[in-house]
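Novice: File protein_16.cif below, mmCIF, C-alpha atoms:
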data_start
#
loop_
_atom_site.label_atom_id
_atom_site.label_comp_id
_atom_site.auth_asym_id
_atom_site.auth_seq_id
_atom_site.Cartn_x
_atom_site.Cartn_y
_atom_site.Cartn_z
CA MET A 1 -18.08 -10.01 -52.93
CA GLY A 2 -19.56 -7.42 -50.57
CA ASP A 3 -20.44 -10.08 -48.00
CA ASN A 4 -16.90 -11.49 -48.16
CA ILE A 5 -15.38 -8.06 -47.64
CA GLY A 6 -17.67 -7.57 -44.67
CA ARG A 7 -16.65 -10.95 -43.21
CA VAL A 8 -12.97 -10.14 -43.67
CA ARG A 9 -13.42 -6.79 -41.98
CA ARG A 10 -15.26 -8.39 -39.09
CA LEU A 11 -12.54 -11.04 -38.82
CA ILE A 12 -9.84 -8.36 -38.81
CA ASP A 13 -11.75 -6.41 -36.17
CA TYR A 14 -12.16 -9.58 -34.11
CA GLU A 15 -8.48 -10.47 -34.33
CA SER A 16 -7.53 -6.92 -33.53
CA THR A 17 -9.82 -6.93 -30.52
CA LEU A 18 -8.25 -10.13 -29.28
CA GLU A 19 -4.80 -8.61 -29.59
CA ARG A 20 -5.94 -5.54 -27.74
CA GLY A 21 -7.89 -7.59 -25.23
CA ALA A 22 -5.82 -6.93 -22.14
CA ALA A 23 -5.51 -3.26 -22.88
CA LEU A 24 -9.22 -2.98 -23.59
CA ARG A 25 -10.16 -4.72 -20.36
CA TRP A 26 -7.84 -2.40 -18.47
CA ALA A 27 -9.33 0.63 -20.21
CA ILE A 28 -12.90 -0.48 -19.54
CA GLN A 29 -12.10 -1.08 -15.89
CA SER A 30 -10.45 2.31 -15.66
CA CYS A 31 -13.49 3.98 -17.20
CA LYS A 32 -15.79 2.24 -14.71
CA LEU A 33 -13.66 3.43 -11.81
CA ILE A 34 -13.57 6.97 -13.14
CA GLU A 35 -17.35 6.98 -13.64
CA ALA A 36 -17.67 5.81 -10.03
CA ASP A 37 -15.52 8.77 -8.98
CA VAL A 38 -12.74 6.45 -7.85
CA PRO A 39 -9.36 7.92 -8.75
CA VAL A 40 -7.17 5.63 -10.85
CA ASN A 41 -3.55 5.30 -9.85
CA LEU A 42 -1.13 6.79 -12.29
CA ARG A 43 1.69 4.32 -12.79
CA THR A 44 4.79 6.38 -13.38
CA ASN A 45 7.39 5.34 -15.94
CA VAL A 46 9.65 4.43 -13.03
CA GLY A 47 6.77 2.42 -11.56
CA LEU A 48 6.41 0.41 -14.76
CA ASP A 49 10.13 -0.30 -14.65
CA ILE A 50 9.86 -1.43 -11.03
CA ALA A 51 6.98 -3.76 -11.89
CA SER A 52 8.74 -5.33 -14.86
CA ALA A 53 12.03 -5.74 -13.01
CA GLY A 54 10.22 -7.14 -10.00
CA VAL A 55 8.49 -9.85 -11.98
CA LEU A 56 10.90 -10.59 -14.79
CA GLY A 57 14.36 -9.53 -13.59
CA PHE A 58 16.21 -12.75 -12.87
CA ASN A 59 19.53 -12.29 -14.67
CA GLN A 60 22.44 -14.05 -13.06
CA GLY A 61 25.81 -12.43 -12.56
CA GLY A 62 29.05 -13.46 -10.96
CA ALA A 63 32.64 -12.57 -10.40
CA GLY A 64 34.01 -11.09 -13.62
CA VAL A 65 30.70 -11.39 -15.42
CA THR A 66 29.23 -8.10 -16.54
CA ILE A 67 25.62 -9.01 -16.11
CA GLY A 68 23.38 -7.38 -13.57
CA GLY A 69 20.74 -9.10 -11.51
CA ALA A 70 21.39 -11.86 -9.02
CA TRP A 71 24.85 -12.00 -7.53
CA ALA A 72 26.50 -13.36 -4.39
CA GLY A 73 30.01 -12.84 -3.10
CA THR A 74 32.10 -10.87 -0.66
CA ALA A 75 31.92 -7.09 -0.52
CA SER A 76 35.22 -5.28 -0.07
CA ALA A 77 33.99 -2.06 1.55
CA THR A 78 30.90 -0.41 3.00
CA SER A 79 29.79 3.02 4.14
CA ALA A 80 26.50 4.48 5.35
CA THR A 81 25.18 4.56 1.77
CA THR A 82 27.56 2.45 -0.33
CA ILE A 83 28.85 -1.06 -0.72
CA THR A 84 31.65 -2.16 -3.04
CA VAL A 85 31.40 -5.54 -4.74
CA PRO A 86 34.13 -7.33 -6.77
CA VAL A 87 32.16 -7.52 -9.99
CA ASN A 88 31.80 -5.14 -12.92
CA LEU A 89 28.11 -4.38 -13.07
CA PRO A 90 26.75 -2.38 -16.00
CA VAL A 91 26.15 1.17 -14.81
CA ASN A 92 22.87 1.55 -12.93
CA SER A 93 21.84 -1.98 -13.90
CA ILE A 94 20.62 -2.97 -10.44
CA VAL A 95 18.66 0.14 -9.48
CA GLY A 96 15.77 -0.80 -7.21
CA GLN A 97 17.19 -4.19 -6.25
CA LEU A 98 17.80 -5.24 -2.67
CA VAL A 99 21.39 -5.61 -1.52
CA VAL A 100 21.55 -7.94 1.47
CA THR A 101 24.45 -8.55 3.80
CA THR A 102 24.91 -10.57 6.95
CA SER A 103 28.36 -9.18 7.69
CA GLY A 104 28.51 -7.53 11.09
CA ALA A 105 24.74 -7.16 11.12
CA ASN A 106 21.79 -8.39 9.08
CA ARG A 107 21.01 -5.50 6.78
CA PHE A 108 19.52 -4.67 3.40
CA GLY A 109 19.62 -1.55 1.28
CA ILE A 110 17.76 -0.47 -1.85
CA ALA A 111 20.14 0.21 -4.73
CA GLN A 112 19.86 3.75 -6.05
CA SER A 113 22.73 3.58 -8.55
CA ASN A 114 25.88 1.64 -9.31
CA THR A 115 29.14 2.32 -11.07
CA SER A 116 30.68 0.14 -13.76
CA VAL A 117 34.28 -0.59 -12.83
CA ALA A 118 36.20 -3.71 -11.87
CA SER A 119 34.70 -3.43 -8.38
CA SER A 120 31.37 -1.68 -8.74
CA VAL A 121 30.26 0.71 -6.05
CA ILE A 122 26.57 0.40 -5.27
CA THR A 123 24.85 3.37 -3.67
CA VAL A 124 21.93 2.42 -1.43
CA ASP A 125 19.43 4.70 0.26
CA GLY A 126 20.57 3.46 3.66
CA TRP A 127 20.77 0.27 5.68
CA TYR A 128 17.49 -1.26 6.83
CA ASP A 129 17.08 -3.71 9.68
CA ALA A 130 14.43 -6.15 8.46
CA ASN A 131 13.26 -6.63 12.02
CA ALA A 132 12.93 -2.92 12.70
CA LEU A 133 11.92 -1.09 9.53
CA PRO A 134 11.96 2.69 9.83
CA ALA A 135 8.42 3.99 10.29
CA ASP A 136 9.11 7.28 8.53
CA PRO A 137 11.95 9.54 7.33
CA GLY A 138 12.44 10.83 10.87
CA VAL A 139 13.70 7.46 12.06
CA ALA A 140 17.44 6.89 11.71
CA PHE A 141 18.68 4.05 9.54
CA ALA A 142 20.26 1.01 11.13
CA SER A 143 24.01 0.83 11.71
CA THR A 144 26.32 0.25 8.77
CA PRO A 145 27.27 -3.40 8.17
CA THR A 146 30.87 -4.44 7.74
CA ALA A 147 32.27 -5.64 4.40
CA GLY A 148 31.58 -9.31 3.93
CA ALA A 149 29.05 -11.81 2.61
CA THR A 150 26.64 -10.03 0.29
CA VAL A 151 23.80 -10.94 -2.06
CA ILE A 152 22.26 -8.75 -4.75
CA VAL A 153 18.72 -10.06 -4.84
CA PRO A 154 16.94 -10.37 -8.20
CA GLY A 155 13.66 -8.54 -8.68
CA ASN A 156 12.96 -5.20 -7.08
CA ALA A 157 12.22 -3.82 -3.65
CA PRO A 158 8.51 -3.60 -2.79
CA CYS A 159 6.86 -0.19 -2.80
CA THR A 160 5.20 0.11 0.59
CA TYR A 161 5.94 3.63 1.79
CA MET A 162 3.08 6.07 1.33
CA ALA A 163 3.24 9.85 1.23
CA LEU A 164 0.86 12.81 0.97
CA ALA A 165 1.17 16.06 -0.96
CA ASN A 166 0.03 19.48 0.21
CA ASN A 167 -2.37 20.94 -2.33
CA ALA A 168 -0.69 24.33 -2.01
CA THR A 169 2.43 23.10 -3.80
CA ALA A 170 1.35 19.89 -5.56
CA VAL A 171 1.44 19.64 -9.34
CA ALA A 172 -0.73 17.47 -11.60
CA PRO A 173 0.53 13.88 -11.86
CA ALA A 174 2.43 12.90 -15.02
CA VAL A 175 3.94 9.55 -15.96
CA THR A 176 7.38 11.13 -16.16
CA ASP A 177 7.24 12.26 -12.53
CA THR A 178 9.92 10.85 -10.27
CA ALA A 179 8.93 12.68 -7.09
CA LEU A 180 5.80 13.79 -5.27
CA THR A 181 6.04 17.55 -5.60
CA GLY A 182 4.63 19.15 -2.49
CA GLU A 183 5.22 16.07 -0.33
CA ILE A 184 4.57 16.86 3.31
CA VAL A 185 7.92 16.59 5.09
CA THR A 186 7.27 18.46 8.33
CA ALA A 187 9.82 17.24 10.88
CA SER A 188 8.12 15.06 13.53
CA GLY A 189 4.76 15.75 11.85
CA GLY A 190 2.05 13.10 11.64
CA LEU A 191 1.37 13.53 7.92
CA ILE A 192 4.81 12.61 6.59
CA ARG A 193 5.77 9.54 4.57
CA LYS A 194 4.96 6.35 6.45
CA LEU A 195 5.28 2.61 6.06
CA GLY A 196 1.86 1.53 4.77
CA THR A 197 -0.35 -1.31 5.95
CA TYR A 198 -0.37 -4.11 3.38
CA ALA A 199 -3.31 -6.45 2.83
CA HIS A 200 -3.88 -9.30 0.40
CA SER A 201 -6.79 -11.51 -0.61
CA ALA A 202 -7.14 -14.00 -3.44
CA SER A 203 -9.79 -16.16 -5.07
CA SER A 204 -9.43 -19.85 -5.83
CA ALA A 205 -9.03 -18.90 -9.48
CA GLY A 206 -5.97 -16.80 -8.73
CA SER A 207 -7.41 -13.32 -8.99
CA SER A 208 -6.09 -11.20 -6.18
CA THR A 209 -6.35 -7.84 -4.55
CA VAL A 210 -3.53 -6.00 -2.84
CA THR A 211 -4.14 -2.85 -0.87
CA LEU A 212 -1.85 -0.36 0.78
CA THR A 213 -3.60 1.66 3.43
CA LYS A 214 -2.48 4.36 5.80
CA THR A 215 -4.36 6.34 8.38
CA TRP A 216 -2.45 9.54 9.10
CA THR A 217 -3.05 11.55 12.27
CA ALA A 218 -2.07 15.21 12.36
CA ASN A 219 -0.09 16.21 15.44
CA GLY A 220 1.20 19.30 17.13
CA SER A 221 4.22 19.55 14.87
CA ASP A 222 2.16 19.81 11.68
CA SER A 223 1.57 23.20 10.14
CA LEU A 224 -2.21 23.23 10.16
CA PRO A 225 -4.53 23.63 8.46
CA VAL A 226 -3.26 21.59 5.54
CA THR A 227 -5.18 20.43 2.49
CA VAL A 228 -4.04 17.12 1.05
CA SER A 229 -4.66 16.53 -2.65
CA GLN A 230 -2.34 13.72 -3.77
CA GLN A 231 -0.85 10.46 -2.60
CA ALA A 232 2.09 8.41 -3.85
CA THR A 233 3.81 5.12 -3.08
CA PHE A 234 7.57 4.67 -2.90
CA GLN A 235 10.17 1.92 -2.61
CA GLY A 236 11.96 3.45 0.34
CA VAL A 237 11.77 5.85 3.23
CA VAL A 238 14.21 8.49 1.97
CA VAL A 239 12.25 11.39 0.51
CA ALA A 240 14.95 12.63 -1.84
CA ALA A 241 16.07 9.24 -3.15
CA SER A 242 13.22 6.74 -3.26
CA ARG A 243 11.73 5.61 -6.54
CA MET A 244 8.04 6.46 -6.98
CA PHE A 245 5.72 3.65 -8.10
CA THR A 246 2.35 5.38 -8.37
CA LYS A 247 1.06 8.90 -7.93
CA THR A 248 -2.62 9.60 -7.51
CA ALA A 249 -4.71 12.74 -7.34
CA LEU A 250 -7.40 12.20 -4.71
CA SER A 251 -11.01 12.37 -5.86
CA ALA A 252 -11.57 15.04 -3.24
CA ASN A 253 -9.13 17.10 -1.24
CA ALA A 254 -8.81 16.23 2.45
CA THR A 255 -8.47 19.09 4.90
CA LEU A 256 -6.97 18.65 8.36
CA THR A 257 -7.44 21.59 10.67
CA THR A 258 -6.46 20.54 14.18
CA SER A 259 -4.12 18.11 15.89
CA GLY A 260 -5.80 14.70 15.99
CA ASP A 261 -7.56 15.10 12.65
CA GLN A 262 -7.10 12.06 10.45
CA VAL A 263 -7.07 11.12 6.80
CA GLN A 264 -7.07 7.63 5.32
CA ASP A 265 -5.91 6.46 1.92
CA THR A 266 -6.41 2.97 0.50
CA THR A 267 -4.58 2.27 -2.73
CA THR A 268 -5.88 -0.87 -4.42
CA TYR A 269 -4.06 -3.06 -6.94
CA THR A 270 -6.15 -5.77 -8.60
CA VAL A 271 -4.50 -8.64 -10.47
CA THR A 272 -6.77 -10.73 -12.70
CA LEU B 273 -23.48 0.66 5.71
CA THR B 274 -20.40 1.63 7.60
CA VAL B 275 -20.24 5.35 8.21
CA TYR B 276 -17.00 7.01 7.26
CA ASP B 277 -15.85 10.45 8.20
CA VAL B 278 -17.23 12.24 5.18
CA ARG B 279 -14.33 14.63 5.12
CA ASN B 280 -11.32 12.35 4.96
CA GLY B 281 -12.50 8.79 4.48
CA VAL B 282 -11.72 7.55 7.96
CA PRO B 283 -14.08 4.90 9.39
CA VAL B 284 -15.98 6.03 12.47
CA VAL B 285 -15.29 3.26 14.93
CA ASP B 286 -17.38 4.16 17.99
CA ARG B 287 -21.00 3.17 18.44
CA ASP B 288 -23.38 6.03 18.92
CA ALA B 289 -24.56 5.32 22.43
CA ASN B 290 -21.39 4.24 24.17
CA GLY B 291 -18.44 5.61 22.32
CA GLU B 292 -16.99 9.01 21.76
CA PRO B 293 -19.48 11.21 19.96
CA PRO B 294 -19.08 10.62 16.23
CA ILE B 295 -18.67 13.63 14.06
CA GLU B 296 -21.69 15.81 13.50
CA GLU B 297 -22.12 14.77 9.89
CA VAL B 298 -22.45 11.15 10.92
CA TYR B 299 -25.18 11.95 13.39
CA GLN B 300 -26.99 13.86 10.70
CA SER B 301 -26.63 11.07 8.16
CA GLY B 302 -28.16 8.59 10.61
CA ARG B 303 -26.53 5.24 11.34
CA ASN B 304 -28.40 2.00 10.90
CA ASP B 305 -25.70 -0.51 11.75
CA PRO B 306 -25.78 -0.97 15.52
CA ASP B 307 -23.67 -4.13 15.27
CA LEU B 308 -20.72 -2.27 13.81
CA GLY B 309 -18.60 -0.16 16.10
CA LEU B 310 -16.65 -0.32 19.33
CA SER B 311 -18.68 -0.83 22.47
CA ALA B 312 -16.32 1.44 24.39
CA PRO B 313 -13.78 4.09 23.42
CA LEU B 314 -10.48 2.62 22.34
CA GLU B 315 -7.63 3.04 24.80
CA PHE B 316 -4.25 3.17 23.14
CA ASP B 317 -0.76 4.60 23.33
CA PRO B 318 -0.38 6.93 20.32
CA ASP B 319 3.38 6.38 20.30
CA GLU B 320 3.26 2.58 20.25
CA LEU B 321 3.54 1.45 16.64
CA LEU B 322 2.32 -1.97 15.58
CA ILE B 323 4.81 -2.41 12.70
CA GLY B 324 4.97 -6.04 11.60
CA GLU B 325 1.87 -7.26 13.42
CA SER B 326 -0.35 -9.58 11.41
CA VAL B 327 -4.12 -9.67 11.07
CA VAL B 328 -6.41 -12.15 9.33
CA ILE B 329 -10.04 -11.23 8.66
CA HIS B 330 -12.70 -13.66 7.47
CA CYS B 331 -14.26 -12.45 4.22
CA LYS B 332 -17.72 -13.63 3.17
CA ALA B 333 -17.59 -12.19 -0.34
CA LEU B 334 -14.25 -11.50 -1.97
CA ALA B 335 -14.06 -8.42 -4.16
CA VAL B 336 -12.38 -10.45 -6.92
CA ALA B 337 -14.84 -13.36 -6.57
CA PRO B 338 -18.12 -12.30 -4.94
CA ASP B 339 -19.39 -15.88 -4.72
CA GLU B 340 -16.37 -17.01 -2.75
CA GLN B 341 -15.52 -16.78 0.92
CA GLY B 342 -11.92 -16.34 1.93
CA SER B 343 -9.71 -14.34 4.21
CA VAL B 344 -7.77 -11.11 4.06
CA SER B 345 -4.20 -11.12 5.37
CA VAL B 346 -2.97 -7.81 6.70
CA ASN B 347 0.50 -6.69 7.74
CA ILE B 348 0.47 -3.51 9.78
CA GLY B 349 2.76 -0.64 8.84
CA ALA B 350 3.73 2.42 10.84
CA GLU B 351 0.47 2.79 12.73
CA ASN B 352 -0.61 2.92 16.35
CA LEU B 353 -3.56 0.85 17.54
CA ASP B 354 -6.15 3.45 16.60
CA GLU B 355 -4.70 3.96 13.13
CA ALA B 356 -4.17 0.24 12.55
CA LEU B 357 -7.77 -0.53 13.53
CA LYS B 358 -9.09 2.06 11.11
CA SER B 359 -6.75 0.95 8.32
CA CYS B 360 -7.84 -2.68 8.75
CA ILE B 361 -11.50 -1.69 8.63
CA GLY B 362 -11.04 0.61 5.66
CA ALA B 363 -8.88 -1.76 3.61
CA PHE B 364 -11.15 -4.73 4.30
CA ASP B 365 -14.33 -2.85 3.51
CA LEU B 366 -13.28 -0.85 0.45
CA GLY B 367 -10.49 -2.98 -1.02
CA HIS B 368 -11.17 -6.64 -0.37
CA LEU B 369 -14.88 -7.02 0.30
CA HIS B 370 -17.40 -7.15 -2.52
CA PRO B 371 -18.18 -4.72 -4.04
CA ALA B 372 -14.79 -3.04 -4.26
CA GLY B 373 -14.80 0.65 -3.59
CA LEU B 374 -18.13 0.60 -1.76
CA SER B 375 -18.86 0.04 1.91
CA SER B 376 -20.60 -3.27 2.58
CA ASP B 377 -19.12 -4.58 5.83
CA ALA B 378 -22.45 -4.26 7.62
CA GLN B 379 -23.92 -6.63 5.05
CA TYR B 380 -20.92 -8.97 4.99
CA ALA B 381 -19.51 -8.62 8.49
CA PRO B 382 -16.82 -11.24 9.13
CA ASP B 383 -17.51 -14.24 11.36
CA TRP B 384 -14.05 -14.08 12.91
CA VAL B 385 -10.83 -12.12 13.13
CA ALA B 386 -7.35 -12.97 14.42
CA SER B 387 -4.16 -11.05 15.04
CA THR B 388 -0.72 -11.40 16.51
CA HIS B 389 -1.58 -8.26 18.50
CA ASP B 390 -4.20 -9.10 21.08
CA GLY B 391 -5.36 -5.51 21.50
CA LEU B 392 -6.00 -5.18 17.78
CA ALA B 393 -7.76 -8.55 17.59
CA THR B 394 -9.96 -7.58 20.53
CA ALA B 395 -10.83 -4.22 18.99
CA LEU B 396 -11.67 -5.75 15.60
CA ALA B 397 -13.81 -8.47 17.17
CA ASP B 398 -15.63 -5.82 19.18
CA TYR B 399 -16.12 -3.63 16.11
CA TYR B 400 -17.57 -6.45 14.01
CA SER B 401 -19.29 -8.21 16.95
CA CYS B 402 -17.59 -11.42 15.85
CA GLU B 403 -15.38 -14.20 17.21
CA LYS B 404 -11.74 -13.53 18.03
CA ARG B 405 -9.68 -16.54 17.00
CA ASP B 406 -6.18 -17.54 17.95
CA ILE B 407 -3.85 -16.40 15.18
CA ALA B 408 -2.15 -19.81 15.24
CA GLU B 409 -5.43 -21.40 14.11
CA VAL B 410 -5.71 -19.33 10.95
CA LEU B 411 -2.16 -18.82 9.74
#
Translate this structure into structure tokens?
Specialist:
Amino acid sequence: MGDNIGRVRRLIDYESTLERGAALRWAIQSCKLIEADVPVNLRTNVGLDIASAGVLGFNQGGAGVTIGGAWAGTASATSATTITVPVNLPVNSIVGQLVVTTSGANRFGIAQSNTSVASSVITVDGWYDANALPADPGVAFASTPTAGATVIVPGNAPCTYMALANNATAVAPAVTDTALTGEIVTASGGLIRKLGTYAHSASSAGSSTVTLTKTWTANGSDSLPVTVSQQATFQGVVVAASRMFTKTALSANATLTTSGDQVQDTTTYTVT
Amino acid sequence: LTVYDVRNGVPVVDRDANGEPPIEEVYQSGRNDPDLGLSAPLEFDPDELLIGESVVIHCKALAVAPDEQGSVSVNIGAENLDEALKSCIGAFDLGHLHPAGLSSDAQYAPDWVASTHDGLATALADYYSCEKRDIAEVL
């Protein structure tokens, strides 16, 4: 009897381990990185939502159909931060999705919110020119497109803007964070939010690595010295509006004292 | 091993003898990788951003599969030539080359690099002392 109970317990443990396999592997990898003094990115709750919507969000909508996700039609109005579409979208159902138009100019915006009425009004962070992405928040958005042919693209906008936080005002990262408290926003400064450099490599078995890297250079507009303690990645360039994917406390603070000083951050995402 | 600025994690790109003097800490740590580094100081326009330029770097040992060779595809963000060069070197070395998180590009220096930006391709080839290929050959 005792042996049988032991076997059953071992079988239960084994099955339980299998069920927890992915989580365990993630935890073990995280522990290894922490032991190696490599900071582990904190995926925010918003970041998890971005990831799930980006991979799995493929709902189809259409005129008169109250389903968010993919949609194509003709917008009835536009402004610098809004576009009105003739479909009743559930409120805030397309947050983070790209809204693309070729009317007047080729533009896309990142949805920040949407109303739920007969003709939903989508608020975007601004209008991007895909051939001239804004380098940082100091660069003006592209001109406003006219009302016309529009597509709401399924998935979610990529998170490729990187920002730094000043240690003097930064607060410890938490999964509920939606902003990088203490983000450096000095006008014309060299340490402000920037479009990151993306790199990708993959094995024949499908495992891949994605990195976002940025080398910041302090300039004469920065208020130096400044001590950087955190980094975060965002969907868009607008400091007040963009959704934050990850937020990471650096393993060591980086101090920049004079114009020309640099700091580099490489954020690594491994998919296995 | 590649020597990084010990303060802020920025790769030191100039060779000792010919480039701008590396930071004091690097001198003190002692470099042993004469093949890594620019043979002459990089000339660049700090206001010219390379947004959208592409780079491909040969990789002898992928971080996700150390026994495999491959390549790393890079798309430059809001960076001038100096920043883009350092970001390429840092991302390749610490993110994509085995072992991840540790510098090993002196051990696994690429055989070739390519870029849509000739200045960046030239600088990378000089840094790694490797072949500069036509980007059309590798894309």
Novice: With the PyMOL selection byres ((chain B) within 7 of (chain A)) as the selection, what would be picked from this file? Answer as a tab-separated table (two decimals) with C-alpha atoms, in the frame of the given file, please.
Specialist:
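Dumped to expr_7.tsv:
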chain	number	residue	atom	x	y	z
B	279	ARG	CA	-14.33	14.63	5.12
B	280	ASN	CA	-11.32	12.35	4.96
B	281	GLY	CA	-12.50	8.79	4.48
B	282	VAL	CA	-11.72	7.55	7.96
B	336	VAL	CA	-12.38	-10.45	-6.92
B	337	ALA	CA	-14.84	-13.36	-6.57
B	343	SER	CA	-9.71	-14.34	4.21
B	344	VAL	CA	-7.77	-11.11	4.06
B	345	SER	CA	-4.20	-11.12	5.37
B	346	VAL	CA	-2.97	-7.81	6.70
B	347	ASN	CA	0.50	-6.69	7.74
B	348	ILE	CA	0.47	-3.51	9.78
B	349	GLY	CA	2.76	-0.64	8.84
B	350	ALA	CA	3.73	2.42	10.84
B	355	GLU	CA	-4.70	3.96	13.13
B	358	LYS	CA	-9.09	2.06	11.11
B	359	SER	CA	-6.75	0.95	8.32
B	363	ALA	CA	-8.88	-1.76	3.61
B	367	GLY	CA	-10.49	-2.98	-1.02
B	368	HIS	CA	-11.17	-6.64	-0.37
Novice: So how far away is atom CA of B:Arg287 from atom CA of B:Asp307, in Å?
Specialist: 8.4 Å
Novice: Please expand the PyMOL selection byres ((chain A and resi 154) around 10) into the concrete residues it hits in this file, giving the result as an mmCIF file with C-alpha atoms, in the coordinates of the input.
Specialist:
data_model
loop_
_atom_site.group_PDB
_atom_site.id
_atom_site.type_symbol
_atom_site.label_atom_id
_atom_site.label_comp_id
_atom_site.auth_asym_id
_atom_site.auth_seq_id
_atom_site.Cartn_x
_atom_site.Cartn_y
_atom_site.Cartn_z
ATOM 1 C CA ALA A 53 12.030 -5.740 -13.010
ATOM 2 C CA GLY A 54 10.220 -7.140 -10.000
ATOM 3 C CA VAL A 55 8.490 -9.850 -11.980
ATOM 4 C CA LEU A 56 10.900 -10.590 -14.790
ATOM 5 C CA GLY A 57 14.360 -9.530 -13.590
ATOM 6 C CA PHE A 58 16.210 -12.750 -12.870
ATOM 7 C CA ASN A 59 19.530 -12.290 -14.670
ATOM 8 C CA GLN A 60 22.440 -14.050 -13.060
ATOM 9 C CA GLY A 68 23.380 -7.380 -13.570
ATOM 10 C CA GLY A 69 20.740 -9.100 -11.510
ATOM 11 C CA ALA A 70 21.390 -11.860 -9.020
ATOM 12 C CA TRP A 71 24.850 -12.000 -7.530
ATOM 13 C CA ILE A 94 20.620 -2.970 -10.440
ATOM 14 C CA GLY A 96 15.770 -0.800 -7.210
ATOM 15 C CA GLN A 97 17.190 -4.190 -6.250
ATOM 16 C CA LEU A 98 17.800 -5.240 -2.670
ATOM 17 C CA VAL A 99 21.390 -5.610 -1.520
ATOM 18 C CA VAL A 151 23.800 -10.940 -2.060
ATOM 19 C CA ILE A 152 22.260 -8.750 -4.750
ATOM 20 C CA VAL A 153 18.720 -10.060 -4.840
ATOM 21 C CA GLY A 155 13.660 -8.540 -8.680
ATOM 22 C CA ASN A 156 12.960 -5.200 -7.080
ATOM 23 C CA ALA A 157 12.220 -3.820 -3.650
#
Novice: Would you mind telling me which residue in A:Ala179, A:Val239, A:Ala77, A:Ala105 lies nearest to A:Ala142 when using all atoms listed in the file?
Specialist: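 The closest residue to A:Ala142 is A:Ala105.
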Novice: What would the list of residues within 12 Å of (2.7, 21.4, -3.7) (file frame) look like as a PyMOL selection string, if all atoms listed in the file are what count?
Specialist: chain A and resi 164-173+179-185+226-231+249
Novice: Tell me which protein, DNA and RNA residues are within 9 Å of B:Asp398, counting all atoms listed in the file, leaving out same-chain ones fewer than 6 positions away, and put them as a ChimeraX atom specification.
Specialist: /B:308-312,404
Novice: Please, what distance in Å, to one decimal, runs between atom CA of B:Asp354 and atom CA of B:Tyr380?
Specialist: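 Taking atom CA of B:Asp354 and atom CA of B:Tyr380, their separation equals 22.5 Å.
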Novice: Could you write out as number ranges by chain the residues that the PyMOL selection byres ((chain B and resi 387-397) around 6) matches in the shown file?
Specialist: B: 325-327, 386, 398-404, 407
Novice: Please define a box with edges along x, y and z of the file around all atoms of stretch 218-232 of chain A given in the file, extend it by 8 Å on each side, and return its centre and edge lengths in Å to one decimal, as lines of an AutoDock Vina configuration file.
Specialist:
center_x = -0.5
center_y = 16.0
center_z = 6.6
size_x = 25.4
size_y = 31.2
size_z = 37.0
Novice: My list of candidates is A:Pro158, A:Pro225, A:Gly73, A:Gly126. Which is closest to A:Leu191 when distances are computed with all atoms listed in the file?
Specialist: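 Once distances to A:Leu191 are computed over all atoms listed in the file, the minimum belongs to A:Pro225.
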Novice: So what do you get for atom CA of B:Asn352 versus atom CA of A:Ser259, distance-wise?
Specialist: 15.6 Å
